[in-house]
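Trainee: Okay, so here is work04.pdb, and as you'll see once you scroll down, it has PDB, C-alpha atoms and all ligand atoms.
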MODEL        1
ATOM      1  CA  MET M   1     109.245 136.089 161.923
ATOM      2  CA  ASN M   2     113.047 136.202 161.627
ATOM      3  CA  GLU M   3     114.968 134.762 158.648
ATOM      4  CA  THR M   4     116.160 131.646 160.491
ATOM      5  CA  ILE M   5     112.656 130.618 161.506
ATOM      6  CA  LYS M   6     111.355 131.364 157.984
ATOM      7  CA  ILE M   7     114.036 129.105 156.478
ATOM      8  CA  ILE M   8     113.315 126.282 158.924
ATOM      9  CA  LEU M   9     109.589 126.460 158.184
ATOM     10  CA  ASN M  10     110.042 126.784 154.412
ATOM     11  CA  ARG M  11     112.539 123.922 153.941
ATOM     12  CA  ARG M  12     110.964 120.995 152.094
ATOM     13  CA  SER M  13     112.322 117.757 150.707
ATOM     14  CA  ILE M  14     113.258 118.319 147.072
ATOM     15  CA  ARG M  15     113.097 115.327 144.748
ATOM     16  CA  LYS M  16     114.009 116.862 141.374
ATOM     17  CA  TYR M  17     117.297 118.654 140.732
ATOM     18  CA  LYS M  18     118.909 120.633 137.940
ATOM     19  CA  ASN M  19     121.723 118.910 136.105
ATOM     20  CA  GLU M  20     124.196 121.496 137.383
ATOM     21  CA  GLN M  21     126.695 121.063 140.205
ATOM     22  CA  ILE M  22     126.485 123.359 143.230
ATOM     23  CA  LYS M  23     129.397 125.731 143.734
ATOM     24  CA  ASP M  24     132.262 124.563 145.897
ATOM     25  CA  GLU M  25     131.824 127.505 148.298
ATOM     26  CA  GLU M  26     128.170 126.462 148.730
ATOM     27  CA  LEU M  27     129.214 122.876 149.486
ATOM     28  CA  GLN M  28     131.774 124.125 152.013
ATOM     29  CA  MET M  29     129.154 126.270 153.784
ATOM     30  CA  ILE M  30     126.795 123.295 154.010
ATOM     31  CA  LEU M  31     129.555 121.067 155.417
ATOM     32  CA  GLU M  32     130.606 123.740 157.878
ATOM     33  CA  ALA M  33     127.009 123.911 159.143
ATOM     34  CA  GLY M  34     127.113 120.126 159.618
ATOM     35  CA  LYS M  35     130.404 120.216 161.492
ATOM     36  CA  TYR M  36     129.160 122.955 163.830
ATOM     37  CA  ALA M  37     126.045 121.019 164.935
ATOM     38  CA  PRO M  38     125.795 120.186 168.616
ATOM     39  CA  CYS M  39     127.174 116.789 169.633
ATOM     40  CA  GLY M  40     127.302 114.728 172.797
ATOM     41  CA  LEU M  41     130.392 115.449 174.938
ATOM     42  CA  ASN M  42     131.672 117.470 171.969
ATOM     43  CA  GLN M  43     132.955 114.193 170.530
ATOM     44  CA  GLN M  44     132.480 115.333 166.901
ATOM     45  CA  SER M  45     131.930 111.724 165.870
ATOM     46  CA  THR M  46     130.415 112.339 162.428
ATOM     47  CA  TYR M  47     132.350 111.514 159.245
ATOM     48  CA  PHE M  48     131.039 113.162 156.075
ATOM     49  CA  THR M  49     131.563 111.552 152.680
ATOM     50  CA  VAL M  50     130.705 113.857 149.795
ATOM     51  CA  VAL M  51     130.019 112.148 146.474
ATOM     52  CA  GLN M  52     129.955 114.339 143.370
ATOM     53  CA  ASN M  53     131.515 111.823 141.004
ATOM     54  CA  GLU M  54     128.918 110.604 138.489
ATOM     55  CA  LYS M  55     130.329 107.081 138.272
ATOM     56  CA  MET M  56     130.317 106.720 142.043
ATOM     57  CA  LEU M  57     126.789 108.124 142.284
ATOM     58  CA  LYS M  58     125.668 105.581 139.709
ATOM     59  CA  LYS M  59     127.403 102.804 141.610
ATOM     60  CA  ILE M  60     125.576 103.791 144.825
ATOM     61  CA  ASN M  61     122.288 103.700 142.945
ATOM     62  CA  ASP M  62     123.101 100.348 141.315
ATOM     63  CA  VAL M  63     123.926  98.753 144.670
ATOM     64  CA  CYS M  64     120.738 100.181 146.201
ATOM     65  CA  LYS M  65     118.698  98.856 143.305
ATOM     66  CA  GLN M  66     120.224  95.397 143.641
ATOM     67  CA  VAL M  67     119.685  95.288 147.409
ATOM     68  CA  TYR M  68     116.116  96.575 147.108
ATOM     69  CA  LEU M  69     115.265  94.010 144.433
ATOM     70  CA  SER M  70     116.371  91.134 146.627
ATOM     71  CA  SER M  71     115.031  92.600 149.902
ATOM     72  CA  GLY M  72     111.795  90.602 149.975
ATOM     73  CA  ILE M  73     110.017  93.849 150.920
ATOM     74  CA  LYS M  74     107.391  94.614 148.301
ATOM     75  CA  VAL M  75     107.466  98.397 148.607
ATOM     76  CA  PHE M  76     111.252  98.464 148.045
ATOM     77  CA  GLU M  77     111.114  95.912 145.243
ATOM     78  CA  ASP M  78     108.441  97.954 143.427
ATOM     79  CA  ARG M  79     110.473 101.143 143.808
ATOM     80  CA  ALA M  80     113.621  99.515 142.451
ATOM     81  CA  LYS M  81     111.772  98.142 139.425
ATOM     82  CA  ALA M  82     110.979 101.653 138.173
ATOM     83  CA  ASP M  83     113.105 102.617 135.138
ATOM     84  CA  ASN M  84     113.868 105.999 136.665
ATOM     85  CA  PHE M  85     114.795 104.621 140.114
ATOM     86  CA  CYS M  86     117.290 106.971 141.678
ATOM     87  CA  VAL M  87     117.769 106.773 145.399
ATOM     88  CA  TYR M  88     119.224 110.326 145.560
ATOM     89  CA  HIS M  89     116.618 111.763 143.156
ATOM     90  CA  GLY M  90     119.197 112.740 140.535
ATOM     91  CA  ALA M  91     120.939 115.238 142.819
ATOM     92  CA  PRO M  92     124.509 116.125 141.780
ATOM     93  CA  THR M  93     125.805 116.117 145.375
ATOM     94  CA  PHE M  94     125.210 113.346 147.865
ATOM     95  CA  VAL M  95     126.517 113.523 151.424
ATOM     96  CA  ILE M  96     126.727 110.385 153.540
ATOM     97  CA  ALA M  97     126.980 110.889 157.289
ATOM     98  CA  CYS M  98     128.540 108.067 159.295
ATOM     99  CA  GLY M  99     129.343 107.929 162.980
ATOM    100  CA  GLU M 100     132.002 106.305 165.137
ATOM    101  CA  LYS M 101     130.224 103.258 166.464
ATOM    102  CA  GLU M 102     132.046 103.435 169.825
ATOM    103  CA  VAL M 103     130.464 106.840 170.517
ATOM    104  CA  ALA M 104     127.184 106.366 172.376
ATOM    105  CA  ALA M 105     125.478 109.348 170.720
ATOM    106  CA  TYR M 106     126.762 108.744 167.172
ATOM    107  CA  LEU M 107     123.242 108.478 165.756
ATOM    108  CA  ASN M 108     122.069 111.672 167.418
ATOM    109  CA  ASN M 109     125.272 113.499 166.473
ATOM    110  CA  GLY M 110     125.020 112.505 162.813
ATOM    111  CA  SER M 111     121.326 113.300 162.650
ATOM    112  CA  VAL M 112     121.638 116.830 163.985
ATOM    113  CA  ALA M 113     124.583 117.429 161.634
ATOM    114  CA  LEU M 114     122.429 116.374 158.679
ATOM    115  CA  GLU M 115     119.562 118.615 159.757
ATOM    116  CA  ASN M 116     121.945 121.569 160.126
ATOM    117  CA  MET M 117     123.094 120.905 156.550
ATOM    118  CA  LEU M 118     119.524 120.795 155.186
ATOM    119  CA  ILE M 119     118.707 124.121 156.842
ATOM    120  CA  ALA M 120     121.979 125.702 155.697
ATOM    121  CA  ALA M 121     121.293 124.529 152.130
ATOM    122  CA  GLU M 122     117.810 126.047 152.159
ATOM    123  CA  SER M 123     119.242 129.331 153.452
ATOM    124  CA  ILE M 124     121.458 129.631 150.362
ATOM    125  CA  GLY M 125     118.801 128.544 147.866
ATOM    126  CA  ILE M 126     119.892 124.912 147.531
ATOM    127  CA  GLY M 127     117.407 122.058 147.621
ATOM    128  CA  SER M 128     117.954 118.972 149.722
ATOM    129  CA  CYS M 129     116.411 115.705 150.777
ATOM    130  CA  TRP M 130     117.301 113.321 153.592
ATOM    131  CA  ILE M 131     117.956 109.867 152.145
ATOM    132  CA  HIS M 132     117.723 106.946 154.524
ATOM    133  CA  ALA M 133     117.774 104.103 152.028
ATOM    134  CA  LEU M 134     121.467 103.314 152.506
ATOM    135  CA  THR M 135     120.757 101.903 155.974
ATOM    136  CA  MET M 136     119.716  98.700 154.305
ATOM    137  CA  ILE M 137     122.538  98.480 151.796
ATOM    138  CA  PHE M 138     125.411  98.880 154.254
ATOM    139  CA  GLN M 139     124.176  95.751 156.026
ATOM    140  CA  THR M 140     124.852  93.649 152.923
ATOM    141  CA  GLU M 141     128.086  92.307 151.430
ATOM    142  CA  GLU M 142     127.749  94.533 148.309
ATOM    143  CA  GLY M 143     127.153  97.461 150.641
ATOM    144  CA  GLN M 144     130.274  96.697 152.659
ATOM    145  CA  THR M 145     132.351  96.663 149.456
ATOM    146  CA  LEU M 146     130.827 100.003 148.483
ATOM    147  CA  LYS M 147     131.550 101.393 151.951
ATOM    148  CA  ASN M 148     135.221 100.443 151.490
ATOM    149  CA  GLU M 149     135.318 102.009 148.019
ATOM    150  CA  LEU M 150     133.888 105.195 149.485
ATOM    151  CA  GLY M 151     136.728 105.250 152.008
ATOM    152  CA  ILE M 152     134.456 105.253 155.031
ATOM    153  CA  PRO M 153     136.564 104.231 158.044
ATOM    154  CA  ASP M 154     135.902 100.698 159.343
ATOM    155  CA  ASN M 155     134.802 101.835 162.784
ATOM    156  CA  HIS M 156     132.120 104.124 161.321
ATOM    157  CA  VAL M 157     128.529 103.135 160.702
ATOM    158  CA  PHE M 158     125.880 104.702 158.532
ATOM    159  CA  VAL M 159     123.700 107.388 160.109
ATOM    160  CA  GLY M 160     121.940 109.012 157.176
ATOM    161  CA  ALA M 161     122.547 110.776 153.901
ATOM    162  CA  ALA M 162     121.289 113.819 152.060
ATOM    163  CA  ALA M 163     120.949 114.885 148.454
ATOM    164  CA  PHE M 164     121.823 118.488 147.524
ATOM    165  CA  GLY M 165     121.391 120.472 144.342
ATOM    166  CA  TYR M 166     119.631 123.356 142.660
ATOM    167  CA  LYS M 167     115.880 122.826 142.754
ATOM    168  CA  ASP M 168     114.121 121.841 139.552
ATOM    169  CA  MET M 169     110.603 121.783 140.938
ATOM    170  CA  PRO M 170     108.323 124.240 142.719
ATOM    171  CA  GLN M 171     108.681 124.352 146.494
ATOM    172  CA  PRO M 172     106.217 121.722 147.851
ATOM    173  CA  SER M 173     103.632 122.768 150.434
ATOM    174  CA  PRO M 174     104.119 121.273 153.870
ATOM    175  CA  ALA M 175     101.764 118.569 155.092
ATOM    176  CA  PRO M 176      99.532 119.828 157.895
ATOM    177  CA  ARG M 177     101.117 119.333 161.306
ATOM    178  CA  LYS M 178      99.610 116.679 163.583
ATOM    179  CA  GLU M 179      97.612 117.935 166.538
ATOM    180  CA  GLY M 180      98.398 116.938 170.104
ATOM    181  CA  THR M 181     102.153 116.565 169.779
ATOM    182  CA  VAL M 182     103.064 119.230 172.341
ATOM    183  CA  ASN M 183     102.535 119.296 176.091
ATOM    184  CA  ILE M 184     103.666 122.460 177.832
ATOM    185  CA  ILE M 185     103.937 122.124 181.590
ATOM    186  CA  ARG M 186     103.982 125.464 183.374
TER     187      ARG M 186
HETATM  188  C1  LIG Y   1     114.998 109.816 158.970
HETATM  189  C2  LIG Y   1     114.457 110.278 157.641
HETATM  190  C3  LIG Y   1     114.501 109.415 156.555
HETATM  191  C4  LIG Y   1     114.081 109.853 155.292
HETATM  192  N1  LIG Y   1     114.276 109.049 154.204
HETATM  193  C5  LIG Y   1     113.950 109.489 152.972
HETATM  194  C6  LIG Y   1     114.297 108.727 151.813
HETATM  195  O1  LIG Y   1     114.939 107.678 151.887
HETATM  196  N2  LIG Y   1     113.924 109.226 150.610
HETATM  197  C7  LIG Y   1     113.246 110.413 150.473
HETATM  198  O2  LIG Y   1     112.934 110.800 149.356
HETATM  199  N3  LIG Y   1     112.923 111.158 151.561
HETATM  200  C8  LIG Y   1     113.272 110.740 152.790
HETATM  201  N4  LIG Y   1     113.022 111.525 153.899
HETATM  202  C9  LIG Y   1     112.311 112.800 153.754
HETATM  203  C10 LIG Y   1     110.886 112.700 154.341
HETATM  204  O3  LIG Y   1     110.084 111.927 153.489
HETATM  205  C11 LIG Y   1     110.331 114.132 154.506
HETATM  206  O4  LIG Y   1     111.177 114.857 155.367
HETATM  207  C12 LIG Y   1     108.913 114.140 155.076
HETATM  208  O5  LIG Y   1     108.019 113.544 154.182
HETATM  209  C13 LIG Y   1     108.439 115.572 155.366
HETATM  210  O6  LIG Y   1     108.521 116.375 154.195
HETATM  211  P1  LIG Y   1     109.401 117.709 154.146
HETATM  212  O7  LIG Y   1     110.845 117.307 154.387
HETATM  213  O8  LIG Y   1     109.189 118.251 152.765
HETATM  214  O9  LIG Y   1     108.911 118.618 155.195
HETATM  215  C14 LIG Y   1     113.485 111.130 155.148
HETATM  216  C15 LIG Y   1     113.437 111.993 156.257
HETATM  217  C16 LIG Y   1     113.954 111.589 157.472
HETATM  218  C17 LIG Y   1     114.000 112.580 158.622
ENDMDL
END
Go ahead and express the file in the form of structure tokens.

Mentor:
Amino acid sequence: MNETIKIILNRRSIRKYKNEQIKDEELQMILEAGKYAPCGLNQQSTYFTVVQNEKMLKKINDVCKQVYLSSGIKVFEDRAKADNFCVYHGAPTFVIACGEKEVAAYLNNGSVALENMLIAAESIGIGSCWIHALTMIFQTEEGQTLKNELGIPDNHVFVGAAAFGYKDMPQPSPAPRKEGTVNIIR
């Protein structure tokens, strides 16, 4: 098995990180991998917001907590009530991918960019986890204010986000793969 395949198969979602920032050259490599993902009509519609500022990270978590608590969805309310609630699992680097809403494939473009970044991170020994929770918060007034504070352009909408940092937990084992998800027609 070649290194690329090994890395793809070994990548797991990491939910506990060391309290140490990743190196800037590592961040740049991860972002480069995101920017070089395939995209419809080569429109390069993804806008990456990197948050490494502790106050801003806390603000993101506070807004998420608030929105979750008033969501009326029990599973989210229960999560937000936990003392250690942290939507980005305590990672020191959080990347938010948004897409130009006028671009038809913005969701696909942003998603493949995020996946490229997760794989790139794994290849250089950095843990990551896709974080979808912000979908809900950007639909609220508090979320819109946060979006402005983050400097995300008005015509961009949330696609997904990812936490990055040095792993502080053993590599999880993958769940078994479902059967019957492939049909090869020859
Ligand atoms: C669209 C999407 C949304 C996800 N949202 C979250 C999330 O909000 N929080 C989280 O901890 N993990 C999230 N994950 C990670 C999944 O839980 C994880 O990929 C899945 O359980 C498989 O585990 P693995 O990544 O270790 O292989 C998300 C993954 C995807 C692709």

Trainee: Just want the 9 Å neighbourhood of range 149-165 of chain M, counted on only C-alpha atoms, with same-chain residues fewer than 2 positions away dropped. Output as a ChimeraX atom specification.

Mentor: /M:14-22,27,45-49,51,56,88-102,106-111,114,117-118,121,126-135,138,144-147,167-168

Trainee: Given the choices M:Met169, M:Val103, M:Val112, M:Met136, which gets closest to Lys65 in chain M if the distance is worked out from all atoms listed in the file?

Mentor: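 Nearest to Lys65 in chain M: M:Met136.
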
Trainee: Looking at only C-alpha atoms and all ligand atoms, which of M:Ala82, M:Ala113, M:Leu9, M:Leu41 is the one that sits closest to ligand LIG 1 (chain Y)?

Mentor: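 Nearest to ligand LIG 1 (chain Y): M:Leu9.
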
Trainee: Using CA of Ile30 in chain M and CA of Ala80 in chain M as the two end points, give the distance in Å to one decimal.

Mentor: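 These two atoms are separated by 29.5 Å.
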
Trainee: What does the structure give for the distance between CA of Ile137 in chain M and CA of Tyr68 in chain M, in Å to one decimal?

Mentor: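 These atoms are spaced 8.2 Å apart.
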
Trainee: Have a look at M:Arg177, M:Lys74, M:Arg186, M:Lys23 and name the one nearest to ligand LIG 1 (chain Y); count all atoms listed in the file.

Mentor: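 Comparing M:Arg177, M:Lys74, M:Arg186, M:Lys23 against ligand LIG 1 (chain Y), the winner is M:Arg177.
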
Trainee: Can you pull out the residues contacting Lys58 in chain M? Cut-off 10 Å, using only C-alpha atoms, and skip same-chain residues under 3 positions away; I want them as an MDAnalysis selection string.

Mentor: chainID M and resid 53:55 61:64 86:88 90

Trainee: Could you work out how far atom O9 of ligand LIG 1 (chain Y) lies from CA of Val182 in chain M, giving the answer in Å with one decimal?

Mentor: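 These atoms are spaced 18.1 Å apart.
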